[in-house]
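Chemist: Provided herewith: work-v1.pdb, PDB, C-alpha atoms.
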ATOM      1  CA  MET A   1    -131.253 -18.128  49.439
ATOM      2  CA  SER A   2    -128.530 -16.444  51.392
ATOM      3  CA  TYR A   3    -127.538 -17.222  54.914
ATOM      4  CA  HIS A   4    -125.891 -14.759  57.240
ATOM      5  CA  TRP A   5    -123.414 -16.373  59.624
ATOM      6  CA  ASN A   6    -123.680 -15.018  63.153
ATOM      7  CA  PHE A   7    -120.729 -15.752  65.427
ATOM      8  CA  ALA A   8    -121.685 -13.235  68.107
ATOM      9  CA  SER A   9    -122.520 -15.892  70.700
ATOM     10  CA  VAL A  10    -119.187 -17.614  70.051
ATOM     11  CA  PHE A  11    -117.235 -14.407  70.556
ATOM     12  CA  GLU A  12    -119.237 -13.552  73.676
ATOM     13  CA  ASN A  13    -118.279 -16.883  75.253
ATOM     14  CA  TRP A  14    -114.632 -17.006  74.207
ATOM     15  CA  TRP A  15    -113.578 -17.765  77.785
ATOM     16  CA  ALA A  16    -115.538 -21.044  77.784
ATOM     17  CA  LEU A  17    -113.834 -22.061  74.551
ATOM     18  CA  ALA A  18    -110.440 -21.101  75.998
ATOM     19  CA  ILE A  19    -111.056 -23.300  79.057
ATOM     20  CA  GLY A  20    -111.980 -26.190  76.737
ATOM     21  CA  VAL A  21    -108.869 -25.695  74.612
ATOM     22  CA  ALA A  22    -106.662 -25.575  77.722
ATOM     23  CA  GLY A  23    -108.191 -28.792  79.069
ATOM     24  CA  THR A  24    -107.776 -30.517  75.711
ATOM     25  CA  LEU A  25    -104.130 -29.482  75.455
ATOM     26  CA  LYS A  26    -103.449 -30.650  79.010
ATOM     27  CA  LEU A  27    -105.068 -34.015  78.245
ATOM     28  CA  PHE A  28    -103.064 -34.286  75.014
ATOM     29  CA  VAL A  29     -99.703 -33.651  76.698
ATOM     30  CA  VAL A  30    -100.336 -36.060  79.582
ATOM     31  CA  CYS A  31    -101.611 -38.825  77.284
ATOM     32  CA  LEU A  32     -98.731 -38.304  74.856
ATOM     33  CA  VAL A  33     -96.089 -38.712  77.549
ATOM     34  CA  ILE A  34     -97.749 -41.705  79.202
ATOM     35  CA  GLY A  35     -98.730 -43.397  75.933
ATOM     36  CA  MET A  36     -95.290 -43.130  74.347
ATOM     37  CA  SER A  37     -93.484 -44.205  77.531
ATOM     38  CA  VAL A  38     -95.677 -47.233  78.165
ATOM     39  CA  GLY A  39     -95.683 -48.014  74.439
ATOM     40  CA  LEU A  40     -91.897 -48.172  74.355
ATOM     41  CA  ILE A  41     -91.807 -50.538  77.331
ATOM     42  CA  VAL A  42     -94.534 -52.763  75.879
ATOM     43  CA  GLY A  43     -92.917 -52.686  72.429
ATOM     44  CA  LEU A  44     -89.647 -53.867  73.939
ATOM     45  CA  GLY A  45     -91.595 -56.505  75.858
ATOM     46  CA  ARG A  46     -93.049 -57.801  72.578
ATOM     47  CA  ARG A  47     -89.481 -58.446  71.379
ATOM     48  CA  SER A  48     -88.384 -60.070  74.642
ATOM     49  CA  SER A  49     -86.944 -63.560  74.649
ATOM     50  CA  ARG A  50     -88.799 -64.335  77.888
ATOM     51  CA  ARG A  51     -92.114 -65.951  77.079
ATOM     52  CA  PRO A  52     -94.200 -64.521  79.998
ATOM     53  CA  VAL A  53     -93.080 -60.958  79.220
ATOM     54  CA  ARG A  54     -93.803 -61.415  75.529
ATOM     55  CA  TRP A  55     -97.198 -63.004  76.272
ATOM     56  CA  LEU A  56     -98.263 -60.215  78.676
ATOM     57  CA  SER A  57     -97.154 -57.538  76.223
ATOM     58  CA  THR A  58     -99.039 -59.212  73.398
ATOM     59  CA  ALA A  59    -102.170 -59.554  75.540
ATOM     60  CA  PHE A  60    -101.971 -55.857  76.454
ATOM     61  CA  VAL A  61    -101.629 -54.795  72.826
ATOM     62  CA  GLU A  62    -104.387 -57.075  71.578
ATOM     63  CA  PHE A  63    -106.822 -56.068  74.312
ATOM     64  CA  PHE A  64    -106.359 -52.307  74.029
ATOM     65  CA  ARG A  65    -106.126 -52.230  70.226
ATOM     66  CA  ASN A  66    -109.273 -54.333  69.768
ATOM     67  CA  THR A  67    -111.607 -52.359  72.003
ATOM     68  CA  PRO A  68    -112.804 -48.858  71.131
ATOM     69  CA  VAL A  69    -111.224 -46.062  73.139
ATOM     70  CA  LEU A  70    -114.641 -44.665  74.114
ATOM     71  CA  VAL A  71    -115.586 -48.035  75.597
ATOM     72  CA  GLN A  72    -112.325 -48.040  77.551
ATOM     73  CA  ILE A  73    -112.956 -44.546  78.922
ATOM     74  CA  LEU A  74    -116.487 -45.480  79.971
ATOM     75  CA  TRP A  75    -115.225 -48.702  81.518
ATOM     76  CA  PHE A  76    -112.610 -46.860  83.571
ATOM     77  CA  TYR A  77    -115.169 -44.280  84.694
ATOM     78  CA  TYR A  78    -118.121 -46.554  85.506
ATOM     79  CA  ALA A  79    -116.859 -50.125  85.993
ATOM     80  CA  LEU A  80    -113.537 -49.547  87.746
ATOM     81  CA  PRO A  81    -115.154 -47.963  90.844
ATOM     82  CA  ILE A  82    -117.467 -50.981  91.062
ATOM     83  CA  LEU A  83    -114.668 -53.548  90.761
ATOM     84  CA  ALA A  84    -112.176 -51.729  92.984
ATOM     85  CA  PRO A  85    -112.866 -49.106  95.652
ATOM     86  CA  ILE A  86    -111.241 -46.374  93.577
ATOM     87  CA  GLU A  87    -112.949 -43.085  92.826
ATOM     88  CA  VAL A  88    -112.134 -42.056  89.259
ATOM     89  CA  SER A  89    -112.606 -38.510  88.001
ATOM     90  CA  PRO A  90    -113.685 -37.957  84.400
ATOM     91  CA  PHE A  91    -110.264 -36.486  83.585
ATOM     92  CA  LEU A  92    -108.448 -39.504  85.055
ATOM     93  CA  ALA A  93    -110.726 -41.902  83.158
ATOM     94  CA  ALA A  94    -109.925 -40.062  79.928
ATOM     95  CA  ILE A  95    -106.199 -40.180  80.708
ATOM     96  CA  LEU A  96    -106.316 -43.921  81.418
ATOM     97  CA  GLY A  97    -108.375 -44.793  78.353
ATOM     98  CA  ILE A  98    -106.538 -42.643  75.828
ATOM     99  CA  SER A  99    -103.057 -43.343  77.227
ATOM    100  CA  LEU A 100    -103.430 -47.106  77.320
ATOM    101  CA  ASN A 101    -105.006 -47.189  73.873
ATOM    102  CA  SER A 102    -102.266 -45.040  72.371
ATOM    103  CA  ALA A 103     -99.651 -47.101  74.232
ATOM    104  CA  ALA A 104    -100.906 -50.235  72.479
ATOM    105  CA  TYR A 105    -100.648 -48.589  69.067
ATOM    106  CA  SER A 106     -97.259 -47.066  69.919
ATOM    107  CA  ALA A 107     -95.990 -50.453  71.080
ATOM    108  CA  GLU A 108     -96.676 -51.907  67.644
ATOM    109  CA  ILE A 109     -94.926 -48.964  65.995
ATOM    110  CA  PHE A 110     -91.877 -49.360  68.232
ATOM    111  CA  ARG A 111     -91.873 -53.149  67.780
ATOM    112  CA  GLY A 112     -92.044 -52.814  64.014
ATOM    113  CA  GLY A 113     -89.251 -50.246  64.014
ATOM    114  CA  ILE A 114     -87.025 -52.394  66.187
ATOM    115  CA  GLN A 115     -87.784 -55.505  64.166
ATOM    116  CA  SER A 116     -86.961 -53.867  60.854
TER
END
The structure in this file should be written as structure tokens.

Modeler:
Amino acid sequence: MSYHWNFASVFENWWALAIGVAGTLKLFVVCLVIGMSVGLIVGLGRRSSRRPVRWLSTAFVEFFRNTPVLVQILWFYYALPILAPIEVSPFLAAILGISLNSAAYSAEIFRGGIQS
């Protein structure tokens, strides 16, 4: 049995794929900058000698590391407009969910690096 691969429809719609790649790269850059910046601040907060700062940083890390990022994105998109009168676009919900999740992981990386 031989199968003939047909990529004609992919090549005909290259512009749609290019728009998707551009959107993904834009999301990646924005989330990288926000996630690393917030992660550094939270990581430093985890090493703080002030108990409230350390407690808030630990709560942030534990909350965002222990919930799936897809749940966070859906929560920002559907629940945040219900709780607060804020209209959230799908792109902004993705930025919030991915950035805060990566910030929590980055905070632990920065904290571990500082501690060692």

Chemist: For the structure shown, which residues end up in the PyMOL selection byres ((chain A and resi 36) around 9)? Put them as a list in words, please?

Modeler: Cys31, Leu32, Val33, Ile34, Gly35, Ser37, Val38, Gly39, Leu40, Ile41, Ser99, Ser102, Ala103, Ser106 and Ala107 of chain A

Chemist: Pick the closest to Ser116 (chain A) from A:Ile82, A:Arg47, A:Ala22, A:Glu87: which is it, counting all atoms listed in the file?

Modeler: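 Selected residue with least distance to Ser116 (chain A): A:Arg47.
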
Chemist: Let me make sure I understand: among A:Ile98, A:Val53, A:Ile19, A:Val42, which one has the smallest atom-to-atom distance to Thr67 (chain A) if we use all atoms listed in the file?

Modeler: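 Closest residue, counting all atoms listed in the file: A:Ile98.
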
Chemist: Go through A:Ala59, A:Val29, A:Tyr78, A:Glu12 one by one, measure the shortest atom-to-atom distance of each to Gly43 (chain A) using all atoms listed in the file, and give the residue with the smallest value.

Modeler: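 Checking each of A:Ala59, A:Val29, A:Tyr78, A:Glu12 against Gly43 (chain A), counting all atoms listed in the file, the winner is A:Ala59.
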
Chemist: Report the distance between CA of Val69 (chain A) and CA of Gly97 (chain A) in Å, rounded to one decimal place.

Modeler: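 So the answer is 6.1 Å.
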
Chemist: In Å, how far is it from CA of Ala79 (chain A) to CA of Asn66 (chain A)?

Modeler: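 Going from CA of Ala79 (chain A) over to CA of Asn66 (chain A), I get 18.4 Å.
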
Chemist: Between CA of Gly45 (chain A) and CA of Phe28 (chain A), what is the distance in Å, rounded to a tenth?

Modeler: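 A separation of 25.0 Å between them.
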
Chemist: Find, counting only C-alpha atoms, the residue in A:Ser57, A:Ser9, A:Thr24, A:Ser89 that gets nearest to Phe76 (chain A).

Modeler: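 Result for the nearest residue to Phe76 (chain A): A:Ser89.
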
Chemist: When the PyMOL selection byres ((chain A and resi 115) around 12) is applied to the structure above, which residues does it catch, written out as a list in words?

Modeler: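 With the shown file as input, the PyMOL selection byres ((chain A and resi 115) around 12) matches Gly43, Leu44, Arg46, Arg47, Ser48, Ala107, Glu108, Ile109, Phe110, Arg111, Gly112, Gly113, Ile114 and Ser116 of chain A.
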